[in-house]
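Structure file start-v8.csv (CSV, C-alpha atoms and all ligand atoms) follows.
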chain,number,residue,atom,x,y,z
G,235,MET,CA,-23.1,-22.3,-99.4
G,236,ALA,CA,-24.8,-24.0,-96.4
G,237,ASP,CA,-24.2,-22.5,-92.9
G,238,LEU,CA,-21.9,-25.0,-91.3
G,239,SER,CA,-20.9,-22.8,-88.4
G,240,VAL,CA,-21.0,-24.2,-84.9
G,241,LYS,CA,-20.4,-23.0,-81.4
G,242,ILE,CA,-19.0,-25.4,-78.9
G,243,ALA,CA,-18.4,-24.5,-75.3
G,244,GLY,CA,-18.7,-20.9,-76.4
G,245,ILE,CA,-16.1,-21.3,-79.2
G,246,LYS,CA,-17.2,-20.2,-82.6
G,247,MET,CA,-16.1,-22.3,-85.5
G,248,LYS,CA,-16.7,-21.7,-89.2
G,249,ASN,CA,-17.6,-25.4,-89.7
G,250,PRO,CA,-17.4,-28.5,-87.5
G,251,VAL,CA,-14.2,-29.9,-89.1
G,252,MET,CA,-11.0,-30.0,-87.0
G,253,LEU,CA,-7.6,-31.7,-87.3
G,254,ALA,CA,-7.1,-34.4,-84.6
G,255,SER,CA,-4.3,-34.3,-82.1
G,256,GLY,CA,-1.0,-36.0,-83.1
G,257,THR,CA,-1.9,-36.2,-86.7
G,258,CYS,CA,-1.2,-32.5,-87.7
G,259,GLY,CA,1.7,-31.5,-85.5
G,260,PHE,CA,1.3,-27.8,-84.8
G,261,GLY,CA,-0.1,-27.0,-88.2
G,262,GLU,CA,3.1,-26.0,-90.0
G,263,GLU,CA,3.1,-28.8,-92.6
G,264,PHE,CA,-0.6,-28.6,-93.2
G,265,SER,CA,-0.4,-24.9,-93.8
G,266,ARG,CA,1.7,-25.6,-96.9
G,267,VAL,CA,-1.0,-27.9,-98.3
G,268,PHE,CA,-4.2,-25.8,-97.7
G,269,ASP,CA,-5.3,-22.6,-96.1
G,270,LEU,CA,-5.8,-23.3,-92.3
G,271,ASN,CA,-8.3,-20.5,-92.2
G,272,LEU,CA,-10.8,-22.9,-93.9
G,273,LEU,CA,-10.8,-25.3,-91.0
G,274,GLY,CA,-13.2,-25.3,-88.1
G,275,GLY,CA,-10.3,-25.8,-85.7
G,276,ILE,CA,-7.0,-27.5,-85.0
G,277,ILE,CA,-6.1,-29.8,-82.0
G,278,VAL,CA,-2.4,-29.7,-81.7
G,279,LYS,CA,0.0,-32.5,-80.7
G,280,GLY,CA,-0.1,-33.8,-77.1
G,281,THR,CA,2.0,-31.4,-75.0
G,282,THR,CA,3.8,-32.3,-71.8
G,283,LEU,CA,5.7,-30.3,-69.2
G,284,LYS,CA,9.1,-31.4,-70.4
G,285,PRO,CA,10.1,-32.2,-74.0
G,286,ARG,CA,9.7,-35.9,-74.9
G,287,ALA,CA,11.6,-37.8,-77.6
G,288,GLY,CA,8.8,-40.5,-77.7
G,289,ASN,CA,9.2,-44.2,-78.0
G,290,LYS,CA,11.8,-46.2,-80.0
G,291,PRO,CA,11.1,-46.9,-83.7
G,292,PRO,CA,9.5,-48.6,-85.4
G,293,ARG,CA,6.5,-46.8,-84.0
G,294,ALA,CA,3.9,-47.0,-86.8
G,295,ALA,CA,2.6,-49.9,-88.8
G,296,GLU,CA,-0.1,-50.2,-91.4
G,297,THR,CA,-3.0,-52.5,-90.6
G,298,PRO,CA,-6.2,-53.4,-92.6
G,299,TYR,CA,-8.3,-50.2,-92.7
G,300,GLY,CA,-6.1,-48.4,-90.3
G,301,MET,CA,-2.7,-48.1,-88.6
G,302,LEU,CA,-1.0,-48.7,-85.3
G,303,ASN,CA,1.1,-46.1,-83.6
G,304,SER,CA,3.3,-46.0,-80.5
G,305,ILE,CA,4.7,-42.5,-80.9
G,306,GLY,CA,4.8,-42.0,-77.2
G,307,LEU,CA,3.9,-38.3,-77.0
G,308,GLN,CA,6.9,-36.9,-78.8
G,309,ASN,CA,6.7,-33.1,-78.3
G,310,PRO,CA,9.0,-30.1,-77.6
G,311,GLY,CA,7.5,-29.4,-74.1
G,312,VAL,CA,5.1,-26.8,-73.1
G,313,GLU,CA,7.6,-23.9,-73.0
G,314,ALA,CA,8.5,-24.4,-76.6
G,315,VAL,CA,4.9,-24.9,-77.6
G,316,ILE,CA,4.0,-21.5,-76.0
G,317,ASN,CA,7.1,-19.7,-77.4
G,318,GLU,CA,7.6,-21.3,-80.8
G,319,LYS,CA,4.5,-23.1,-81.9
G,320,LEU,CA,1.5,-21.0,-80.8
G,321,PRO,CA,2.9,-17.7,-82.4
G,322,PHE,CA,2.8,-19.5,-85.8
G,323,LEU,CA,-0.8,-20.5,-85.3
G,324,ARG,CA,-1.9,-17.0,-84.2
G,325,GLN,CA,-1.6,-15.7,-87.8
G,326,PHE,CA,-4.7,-17.8,-88.7
G,327,ASP,CA,-8.4,-17.1,-87.8
G,328,LEU,CA,-8.6,-20.6,-86.3
G,329,PRO,CA,-9.6,-21.9,-82.9
G,330,VAL,CA,-6.6,-23.7,-81.4
G,331,PHE,CA,-7.1,-26.6,-79.0
G,332,VAL,CA,-4.0,-27.6,-77.1
G,333,ASN,CA,-3.9,-31.3,-76.2
G,334,ILE,CA,-2.2,-31.9,-72.8
G,335,ALA,CA,-0.8,-35.0,-71.1
G,336,GLY,CA,0.8,-35.6,-67.8
G,337,ASN,CA,1.7,-38.3,-65.3
G,338,SER,CA,-0.3,-36.9,-62.4
G,339,LYS,CA,-3.2,-34.6,-61.8
G,340,GLU,CA,-0.6,-32.0,-60.6
G,341,GLU,CA,1.2,-32.1,-63.9
G,342,TYR,CA,-2.1,-31.7,-65.8
G,343,ALA,CA,-3.0,-28.7,-63.6
G,344,GLU,CA,0.4,-27.1,-64.1
G,345,LEU,CA,0.0,-27.5,-67.9
G,346,ALA,CA,-3.4,-25.8,-67.6
G,347,ARG,CA,-1.9,-23.0,-65.6
G,348,LEU,CA,0.9,-22.3,-68.1
G,349,LEU,CA,-1.3,-22.6,-71.1
G,350,GLY,CA,-3.9,-20.4,-69.5
G,351,LYS,CA,-1.3,-17.5,-69.6
G,352,ALA,CA,-0.4,-18.1,-73.2
G,353,LYS,CA,-2.0,-16.2,-76.1
G,354,GLY,CA,-3.9,-18.0,-78.8
G,355,VAL,CA,-5.3,-21.0,-76.9
G,356,SER,CA,-9.0,-21.5,-77.4
G,357,ALA,CA,-9.4,-24.6,-75.4
G,358,LEU,CA,-7.6,-27.5,-73.7
G,359,GLU,CA,-8.1,-31.1,-74.7
G,360,VAL,CA,-7.1,-33.3,-71.8
G,361,ASN,CA,-5.7,-36.6,-73.0
G,362,ILE,CA,-6.3,-39.1,-70.3
G,363,SER,CA,-6.5,-42.0,-72.8
G,364,CYS,CA,-3.1,-42.3,-74.4
G,365,PRO,CA,-2.2,-45.9,-74.9
G,366,ASN,CA,1.5,-45.2,-75.4
G,367,VAL,CA,2.6,-43.9,-72.0
G,368,LYS,CA,2.8,-45.9,-68.9
G,369,HIS,CA,0.6,-45.1,-65.8
G,370,LYS,CA,-0.1,-47.0,-62.7
G,371,ASN,CA,-0.9,-50.7,-63.5
G,372,SER,CA,-0.1,-49.8,-67.1
G,373,GLY,CA,-3.8,-48.7,-67.5
G,374,LEU,CA,-5.2,-45.5,-68.9
G,375,PHE,CA,-6.2,-42.7,-66.6
G,376,CYS,CA,-9.7,-42.8,-68.1
G,377,GLN,CA,-10.2,-46.3,-66.9
G,378,ASP,CA,-10.4,-45.1,-63.3
G,379,LEU,CA,-13.4,-43.0,-62.6
G,380,GLY,CA,-11.6,-41.4,-59.6
G,381,ASP,CA,-8.8,-40.3,-61.9
G,382,VAL,CA,-11.2,-39.0,-64.6
G,383,TYR,CA,-12.9,-36.8,-61.9
G,384,ALA,CA,-9.7,-35.7,-60.1
G,385,ILE,CA,-7.7,-34.8,-63.3
G,386,THR,CA,-10.7,-33.0,-64.9
G,387,LYS,CA,-11.3,-31.0,-61.6
G,388,ALA,CA,-7.6,-30.1,-61.2
G,389,VAL,CA,-7.4,-28.8,-64.8
G,390,LYS,CA,-10.7,-26.9,-64.5
G,391,ARG,CA,-9.4,-25.2,-61.4
G,392,LYS,CA,-6.4,-23.8,-63.3
G,393,SER,CA,-7.7,-23.3,-66.8
G,394,ARG,CA,-8.9,-20.0,-68.2
G,395,VAL,CA,-10.3,-21.7,-71.3
G,396,PRO,CA,-12.9,-24.4,-71.9
G,397,VAL,CA,-11.7,-27.9,-71.1
G,398,PHE,CA,-12.5,-30.9,-73.3
G,399,VAL,CA,-11.7,-34.3,-71.8
G,400,LYS,CA,-10.5,-36.9,-74.3
G,401,LEU,CA,-11.6,-40.5,-73.5
G,402,SER,CA,-10.9,-43.9,-74.8
G,403,ALA,CA,-13.7,-46.4,-75.6
G,404,GLU,CA,-11.6,-49.0,-73.7
G,405,VAL,CA,-13.5,-48.5,-70.4
G,406,SER,CA,-16.1,-50.8,-68.8
G,407,ASP,CA,-18.9,-48.3,-68.6
G,408,PHE,CA,-18.6,-45.6,-71.1
G,409,LYS,CA,-21.6,-43.6,-69.9
G,410,GLU,CA,-20.3,-43.5,-66.4
G,411,THR,CA,-16.9,-42.3,-67.6
G,412,ALA,CA,-18.4,-39.5,-69.6
G,413,ARG,CA,-20.6,-38.5,-66.6
G,414,ALA,CA,-17.5,-38.5,-64.3
G,415,ALA,CA,-15.8,-35.9,-66.6
G,416,ALA,CA,-19.0,-33.8,-66.8
G,417,ARG,CA,-19.5,-33.9,-63.0
G,418,ALA,CA,-16.0,-32.6,-62.6
G,419,GLY,CA,-16.8,-29.6,-64.8
G,420,ALA,CA,-15.6,-30.6,-68.3
G,421,ASP,CA,-16.9,-28.2,-70.9
G,422,GLY,CA,-16.9,-30.9,-73.6
G,423,LEU,CA,-15.7,-34.4,-74.5
G,424,SER,CA,-13.4,-35.6,-77.3
G,425,LEU,CA,-14.2,-39.2,-78.4
G,426,ILE,CA,-12.4,-41.4,-79.2
G,427,ASN,CA,-8.7,-41.9,-78.7
G,428,THR,CA,-7.0,-44.9,-80.4
G,429,LEU,CA,-7.7,-48.5,-79.3
G,430,ARG,CA,-4.8,-50.7,-78.1
G,431,GLY,CA,-3.7,-53.2,-80.6
G,432,MET,CA,-0.8,-55.3,-81.8
G,433,ALA,CA,0.6,-56.7,-85.0
G,434,ILE,CA,3.3,-59.3,-85.6
G,435,ASP,CA,5.7,-59.7,-88.5
G,436,ILE,CA,5.4,-63.4,-89.4
G,437,LYS,CA,8.8,-63.5,-91.2
G,438,THR,CA,10.6,-62.6,-88.0
G,439,GLY,CA,8.0,-63.4,-85.3
G,440,LYS,CA,8.6,-60.0,-83.9
G,441,PRO,CA,6.0,-57.3,-83.0
G,442,LYS,CA,5.8,-54.7,-85.7
G,443,LEU,CA,6.1,-51.9,-83.1
G,444,ALA,CA,9.2,-51.7,-80.9
G,445,ASN,CA,6.8,-50.8,-78.1
G,446,VAL,CA,4.9,-54.1,-78.9
G,447,ILE,CA,1.5,-52.5,-78.3
G,448,GLY,CA,0.2,-49.4,-79.9
G,449,GLY,CA,-3.0,-47.4,-80.7
G,450,LEU,CA,-5.2,-48.5,-83.5
G,451,SER,CA,-6.8,-45.7,-85.6
G,452,GLY,CA,-8.4,-45.1,-89.0
G,453,PRO,CA,-11.6,-46.5,-90.6
G,454,ALA,CA,-11.3,-49.8,-88.7
G,455,ILE,CA,-12.3,-48.0,-85.5
G,456,LYS,CA,-15.2,-45.8,-86.8
G,457,PRO,CA,-18.1,-47.9,-85.6
G,458,VAL,CA,-16.5,-47.9,-82.1
G,459,GLY,CA,-16.3,-44.1,-82.2
G,460,ILE,CA,-19.8,-43.7,-83.4
G,461,ARG,CA,-21.0,-46.0,-80.6
G,462,ALA,CA,-19.0,-43.9,-78.0
G,463,VAL,CA,-20.5,-40.6,-79.3
G,464,TYR,CA,-24.0,-42.0,-79.3
G,465,GLU,CA,-23.7,-43.3,-75.7
G,466,ALA,CA,-22.1,-40.1,-74.4
G,467,PHE,CA,-24.7,-37.9,-76.1
G,468,SER,CA,-27.4,-39.7,-74.2
G,469,ALA,CA,-25.5,-39.5,-70.9
G,470,VAL,CA,-24.2,-35.9,-70.7
G,471,LYS,CA,-25.3,-32.5,-71.9
G,472,ILE,CA,-21.8,-31.1,-72.8
G,473,PRO,CA,-20.7,-30.9,-76.5
G,474,ILE,CA,-18.8,-33.7,-78.1
G,475,ILE,CA,-16.0,-33.7,-80.7
G,476,GLY,CA,-16.3,-37.0,-82.5
G,477,MET,CA,-13.3,-38.7,-84.1
G,478,GLY,CA,-12.1,-42.1,-85.1
G,479,GLY,CA,-11.9,-43.2,-88.7
G,480,ILE,CA,-13.3,-40.1,-90.4
G,481,ALA,CA,-12.2,-40.1,-94.0
G,482,SER,CA,-15.2,-38.6,-95.9
G,483,ALA,CA,-18.1,-36.1,-95.5
G,484,GLU,CA,-20.4,-39.1,-95.1
G,485,ASP,CA,-18.4,-40.3,-92.1
G,486,ALA,CA,-18.6,-36.9,-90.5
G,487,VAL,CA,-22.3,-36.7,-91.1
G,488,GLU,CA,-22.6,-40.1,-89.3
G,489,TYR,CA,-20.8,-38.7,-86.3
G,490,LEU,CA,-23.1,-35.6,-86.3
G,491,PHE,CA,-26.2,-37.9,-86.3
G,492,ALA,CA,-24.7,-39.9,-83.4
G,493,GLY,CA,-24.4,-36.6,-81.4
G,494,ALA,CA,-21.1,-34.9,-82.2
G,495,SER,CA,-21.1,-31.1,-82.4
G,496,ALA,CA,-17.8,-31.2,-84.3
G,497,VAL,CA,-15.5,-33.8,-85.7
G,498,ALA,CA,-11.8,-34.3,-86.0
G,499,VAL,CA,-9.9,-35.9,-88.8
G,500,GLY,CA,-6.7,-37.9,-88.0
G,501,THR,CA,-5.3,-40.9,-89.8
G,502,ALA,CA,-7.0,-40.2,-93.1
G,503,SER,CA,-4.8,-37.1,-93.5
G,504,PHE,CA,-1.7,-39.3,-93.6
G,505,TYR,CA,-2.7,-40.8,-97.0
G,506,ASP,CA,-4.5,-37.7,-98.3
G,507,PRO,CA,-3.7,-34.4,-96.5
G,508,LEU,CA,-6.5,-32.7,-98.4
G,509,THR,CA,-9.1,-34.9,-96.6
G,510,PRO,CA,-10.3,-32.3,-94.1
G,511,PHE,CA,-10.7,-29.8,-96.9
G,512,LYS,CA,-12.6,-32.3,-99.0
G,513,ILE,CA,-14.8,-33.1,-96.0
G,514,ILE,CA,-15.8,-29.4,-95.6
G,515,LYS,CA,-16.7,-29.3,-99.3
G,516,GLY,CA,-18.7,-32.5,-99.0
G,517,LEU,CA,-20.5,-31.3,-95.9
G,518,ASN,CA,-21.5,-28.1,-97.8
G,519,LYS,CA,-23.0,-30.2,-100.5
G,520,TYR,CA,-24.8,-32.6,-98.1
G,521,PHE,CA,-26.4,-29.8,-96.2
G,522,GLU,CA,-27.4,-28.0,-99.4
G,523,ASP,CA,-28.7,-31.1,-101.1
G,524,ASN,CA,-30.9,-31.9,-98.1
G,525,SER,CA,-31.8,-28.2,-97.5
G,526,PHE,CA,-30.6,-28.5,-93.9
G,527,ASP,CA,-29.9,-25.0,-92.6
G,528,SER,CA,-27.7,-25.8,-89.7
G,529,VAL,CA,-25.6,-28.6,-88.2
G,530,SER,CA,-28.0,-28.8,-85.2
G,531,VAL,CA,-30.8,-30.1,-87.5
G,532,ILE,CA,-29.1,-33.5,-87.5
G,533,ARG,CA,-27.0,-33.4,-84.4
G,534,GLY,CA,-28.0,-36.4,-82.2
G,535,ARG,CA,-31.0,-37.0,-84.4
G,536,VAL,CA,-30.3,-40.7,-85.2
G,537,SER,CA,-33.8,-42.1,-85.5
G,538,LEU,CA,-34.4,-45.4,-83.7
N,1,LIG,C1,0.3,-40.9,-85.1
N,1,LIG,C2,-0.8,-40.6,-84.1
N,1,LIG,C3,-0.5,-39.7,-83.0
N,1,LIG,C4,-1.5,-39.4,-82.1
N,1,LIG,N1,-1.1,-38.6,-81.0
N,1,LIG,C5,-2.1,-38.2,-80.2
N,1,LIG,C6,-1.8,-37.3,-79.1
N,1,LIG,O1,-0.7,-36.8,-79.0
N,1,LIG,N2,-2.8,-37.0,-78.2
N,1,LIG,C7,-4.1,-37.5,-78.4
N,1,LIG,O2,-5.0,-37.2,-77.5
N,1,LIG,N3,-4.4,-38.3,-79.4
N,1,LIG,C8,-3.5,-38.7,-80.3
N,1,LIG,N4,-3.8,-39.5,-81.3
N,1,LIG,C9,-5.2,-39.9,-81.5
N,1,LIG,C10,-6.0,-39.1,-82.5
N,1,LIG,O3,-6.1,-37.8,-82.1
N,1,LIG,C11,-7.4,-39.7,-82.7
N,1,LIG,O4,-8.1,-39.6,-81.5
N,1,LIG,C12,-7.4,-41.1,-83.2
N,1,LIG,O5,-6.3,-41.4,-84.1
N,1,LIG,C13,-8.7,-41.5,-83.9
N,1,LIG,O6,-8.9,-40.7,-85.1
N,1,LIG,P1,-8.5,-41.2,-86.5
N,1,LIG,O7,-9.0,-42.6,-86.7
N,1,LIG,O8,-9.1,-40.3,-87.5
N,1,LIG,O9,-7.0,-41.2,-86.6
N,1,LIG,C14,-2.8,-39.9,-82.3
N,1,LIG,C15,-3.1,-40.7,-83.4
N,1,LIG,C16,-2.2,-41.0,-84.3
N,1,LIG,C17,-2.6,-41.9,-85.5
Translate this structure into structure tokens?
Ligand SMILES: Cc1cc2nc3c(=O)[nH]c(=O)nc-3n(C[C@H](O)[C@H](O)[C@H](O)COP(=O)(O)O)c2cc1C
Amino acid sequence: MADLSVKIAGIKMKNPVMLASGTCGFGEEFSRVFDLNLLGGIIVKGTTLKPRAGNKPPRAAETPYGMLNSIGLQNPGVEAVINEKLPFLRQFDLPVFVNIAGNSKEEYAELARLLGKAKGVSALEVNISCPNVKHKNSGLFCQDLGDVYAITKAVKRKSRVPVFVKLSAEVSDFKETARAAARAGADGLSLINTLRGMAIDIKTGKPKLANVIGGLSGPAIKPVGIRAVYEAFSAVKIPIIGMGGIASAEDAVEYLFAGASAVAVGTASFYDPLTPFKIIKGLNKYFEDNSFDSVSVIRGRVSL
């Protein structure tokens, strides 16, 4: 077996394959399909201070090579996550990243403080790129460099664990956005969140999502994710978790070449929950076949 272990922001992982936030809940369902101990890590559902019911249905629609979702951060709230969800995950030898979302930098900071006291949190993933909740001007926090800096800084001040900032590729200057997070002290980046999209049912003329606009994910967005990771890798020194359209070991390898230190699998798990497990197997074969002895041999080594 190849040595696929990686260390990102001081966190040791058996391999670079994680489950992406919002596509694996808090791990309970997945644990019935395969052994969570096999994974590199899990990034759990976006967690807010108060419980959220999310948006009105329909809130998912299939699109060519992907899907749109407008879940709207449905989650039981941070208290229930700490008391009911994290204890379940603690039985596994598995780094747990908790994805957090708020309406202000104060809310993000409070989430970081509360989760900092909780047992079993390896890192925070700060979602400042959710397309399904409304912020000022209906934009995303990550579209404002000042917000990127201020939220990251506020979380860093309160967090006792490494902080990964999750960005969207829907920004005007991706490198500047990555640098703003790094300057504020981010320990890593997660790239990319979904891209805003829309689909219309031509029989009724109505949008397929009740929320009209949703986030596009799946293979359709992979080239955008690869571009984001490639640009961020050249702009900042902190580790990157790459995601967006990963459905095979080859996709994961592509992200590693672009500069990712780890990868996360989202949408592909919906049509085949064994995908993350198959990717780990495929990575082992790829590293063995090529006699590569560690992930760092190819990380960021795209040859131009
Ligand atoms: C149904 C669904 C729910 C999601 N919920 C969250 C979330 O709560 N927080 C977050 O940061 N990203 C969320 N995402 C984005 C994913 O974590 C990931 O960044 C994106 O889907 C791209 O990866 P993929 O193409 O492999 O799905 C969600 C994606 C989907 C499809």
Enumerate, in order of chain and increasing residue number, the residues of segment 356-423 of chain G with an atom no farther than 9 Å from segment 277-294 of chain G, each with its shortest atom pair and distance in Å to one decimal, counting all atoms listed in the file, as a Markdown table.
| residue | atom | partner | partner_atom | distance |
| --- | --- | --- | --- | --- |
| G:Leu358 | CA | G:Ile277 | CA | 8.7 |
| G:Glu359 | CA | G:Ile277 | CA | 7.7 |
| G:Val360 | CA | G:Gly280 | CA | 8.8 |
| G:Asn361 | CA | G:Gly280 | CA | 7.5 |
| G:Asn366 | CA | G:Asn289 | CA | 8.2 |
| G:Val367 | CA | G:Asn289 | CA | 8.9 |
With C-alpha atoms retained, could you export that selection as a PDB file, keeping the file's coordinate frame?
ATOM      1  CA  LEU G 358      -7.600 -27.500 -73.700  1.00  0.00           C
ATOM      2  CA  GLU G 359      -8.100 -31.100 -74.700  1.00  0.00           C
ATOM      3  CA  VAL G 360      -7.100 -33.300 -71.800  1.00  0.00           C
ATOM      4  CA  ASN G 361      -5.700 -36.600 -73.000  1.00  0.00           C
ATOM      5  CA  ASN G 366       1.500 -45.200 -75.400  1.00  0.00           C
ATOM      6  CA  VAL G 367       2.600 -43.900 -72.000  1.00  0.00           C
TER       7      VAL G 367
END
Original post:
Any idea what the distance is between atom CA of Gly478 of chain G and atom CA of Arg417 of chain G?
Top reply: 24.7 Å
Original post:
Neighbours of Val463 of chain G within 7 Å (only C-alpha atoms; same-chain residues fewer than 6 positions away dropped), as a VMD selection string?
Top reply: chain G and resid 425 476 492 to 494
Original post:
In Å, how far is it from atom CA of Leu238 of chain G to atom CA of Leu517 of chain G?
Top reply: 7.9 Å
**OP:** Determine the nearest neighbour of Asp327 of chain G from the options G:Lys471, G:Lys248, G:Arg413, G:Lys390, counting only C-alpha atoms.
**Re:**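 Smallest separation from Asp327 of chain G among the options: G:Lys248.
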Original post:
atom C4 of ligand LIG 1 (chain N) to atom CA of Ser482 of chain G: how many Å, to one decimal?
Top reply: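 We find that atom C4 of ligand LIG 1 (chain N) and atom CA of Ser482 of chain G lie 19.5 Å from each other.
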Original post:
Using all atoms listed in the file, which of the listed residues (G:Tyr520, G:Phe408, G:Phe398, G:Phe511) sits closest to Ala469 of chain G?
Top reply: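 Answer, going by the shortest atom-to-atom distance: G:Phe408.
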Original post:
Looking at G:Ser468, G:Ile455, G:Gln377, G:Ile460, which one is nearest to Lys409 of chain G, with distances taken over all atoms listed in the file?
Top reply: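 Comparing G:Ser468, G:Ile455, G:Gln377, G:Ile460 against Lys409 of chain G, the winner is G:Ser468.
Nearest to Gly373 of chain G of all the residues G:Ala416, G:Leu253, G:Ile475, G:Val405 is G:Val405, counting all atoms listed in the file.
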Could you work out an axis-aligned box for ligand LIG 1 (chain N), taking every atom the file lists and adding 3 Å on each side, and report centre and edge lengths in Å to one decimal, as JSON?
{"center_x": -4.4, "center_y": -39.7, "center_z": -82.5, "size_x": 15.4, "size_y": 11.8, "size_z": 16.0}
Subject >> Residues near Val531 of chain G, cut-off 10 Å, only C-alpha atoms, skip fewer than 5 positions along chain, as an MDAnalysis selection string >> reply: chainID G and resid 490:491 521 526
Original post:
Ala412 of chain G: which residues within 12 Å, counting only C-alpha atoms, same-chain residues fewer than 4 positions away excluded, as a PyMOL selection string?
Top reply: chain G and resi 376-379+382-383+386+398-403+405-408+416-426+462-474
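Non-sequential neighbours of Leu508 of chain G (distance at most 12 Å, separation of 4 or more positions within a chain, all atoms listed in the file) are Leu253, Cys258, Glu263, Phe264, Ser265, Arg266, Val267, Phe268, Asp269, Leu270, Leu272, Leu273, Ala481, Ser482, Val499, Gly500, Thr501, Ala502, Ser503, Phe504, Lys512, Ile513, Ile514 and Lys515 of chain G.
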**OP:** Would you mind telling me which residue in G:Gln325, G:Ser363, G:Ser304, G:Ser495 lies nearest to Ser528 of chain G when using only C-alpha atoms?
**Re:**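 Nearest candidate to Ser528 of chain G out of G:Gln325, G:Ser363, G:Ser304, G:Ser495: G:Ser495.
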**OP:** Using all atoms listed in the file, pick whichever of G:Ala346, G:Met477, G:Ala414, G:Leu323 has the shortest atom-to-atom distance to ligand LIG 1 (chain N).
**Re:** G:Met477
Could you list as a PDB file with C-alpha atoms, in the frame of the given file every residue that has an atom within 10 Å of (-5.8, -18.9, -85.4), using the file's coordinates and counting only C-alpha atoms?
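part.pdb, freshly written:
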ATOM      1  CA  LEU G 270      -5.800 -23.300 -92.300  1.00  0.00           C
ATOM      2  CA  ASN G 271      -8.300 -20.500 -92.200  1.00  0.00           C
ATOM      3  CA  LEU G 273     -10.800 -25.300 -91.000  1.00  0.00           C
ATOM      4  CA  GLY G 275     -10.300 -25.800 -85.700  1.00  0.00           C
ATOM      5  CA  ILE G 276      -7.000 -27.500 -85.000  1.00  0.00           C
ATOM      6  CA  LEU G 320       1.500 -21.000 -80.800  1.00  0.00           C
ATOM      7  CA  PRO G 321       2.900 -17.700 -82.400  1.00  0.00           C
ATOM      8  CA  PHE G 322       2.800 -19.500 -85.800  1.00  0.00           C
ATOM      9  CA  LEU G 323      -0.800 -20.500 -85.300  1.00  0.00           C
ATOM     10  CA  ARG G 324      -1.900 -17.000 -84.200  1.00  0.00           C
ATOM     11  CA  GLN G 325      -1.600 -15.700 -87.800  1.00  0.00           C
ATOM     12  CA  PHE G 326      -4.700 -17.800 -88.700  1.00  0.00           C
ATOM     13  CA  ASP G 327      -8.400 -17.100 -87.800  1.00  0.00           C
ATOM     14  CA  LEU G 328      -8.600 -20.600 -86.300  1.00  0.00           C
ATOM     15  CA  PRO G 329      -9.600 -21.900 -82.900  1.00  0.00           C
ATOM     16  CA  VAL G 330      -6.600 -23.700 -81.400  1.00  0.00           C
ATOM     17  CA  GLY G 354      -3.900 -18.000 -78.800  1.00  0.00           C
ATOM     18  CA  VAL G 355      -5.300 -21.000 -76.900  1.00  0.00           C
ATOM     19  CA  SER G 356      -9.000 -21.500 -77.400  1.00  0.00           C
TER      20      SER G 356
END
Selected segment 419-437 of chain G, written as a PDB file, in the first residue's frame, C-alpha atoms:
ATOM      1  CA  GLY G 419      -4.456  34.223   9.936  1.00  0.00           C
ATOM      2  CA  ALA G 420      -6.351  31.426   8.182  1.00  0.00           C
ATOM      3  CA  ASP G 421      -4.559  28.099   8.652  1.00  0.00           C
ATOM      4  CA  GLY G 422      -5.933  26.742   5.385  1.00  0.00           C
ATOM      5  CA  LEU G 423      -8.456  27.232   2.589  1.00  0.00           C
ATOM      6  CA  SER G 424     -11.340  25.086   1.352  1.00  0.00           C
ATOM      7  CA  LEU G 425     -12.034  25.563  -2.348  1.00  0.00           C
ATOM      8  CA  ILE G 426     -14.645  25.685  -3.788  1.00  0.00           C
ATOM      9  CA  ASN G 427     -18.201  26.126  -2.635  1.00  0.00           C
ATOM     10  CA  THR G 428     -21.052  25.749  -5.139  1.00  0.00           C
ATOM     11  CA  LEU G 429     -21.578  28.265  -7.954  1.00  0.00           C
ATOM     12  CA  ARG G 430     -24.895  30.102  -8.176  1.00  0.00           C
ATOM     13  CA  GLY G 431     -27.163  28.760 -10.883  1.00  0.00           C
ATOM     14  CA  MET G 432     -30.793  28.396 -11.920  1.00  0.00           C
ATOM     15  CA  ALA G 433     -32.960  25.902 -13.803  1.00  0.00           C
ATOM     16  CA  ILE G 434     -36.491  26.323 -15.175  1.00  0.00           C
ATOM     17  CA  ASP G 435     -39.189  23.693 -15.710  1.00  0.00           C
ATOM     18  CA  ILE G 436     -40.352  24.414 -19.259  1.00  0.00           C
ATOM     19  CA  LYS G 437     -43.732  22.705 -18.716  1.00  0.00           C
TER      20      LYS G 437
END
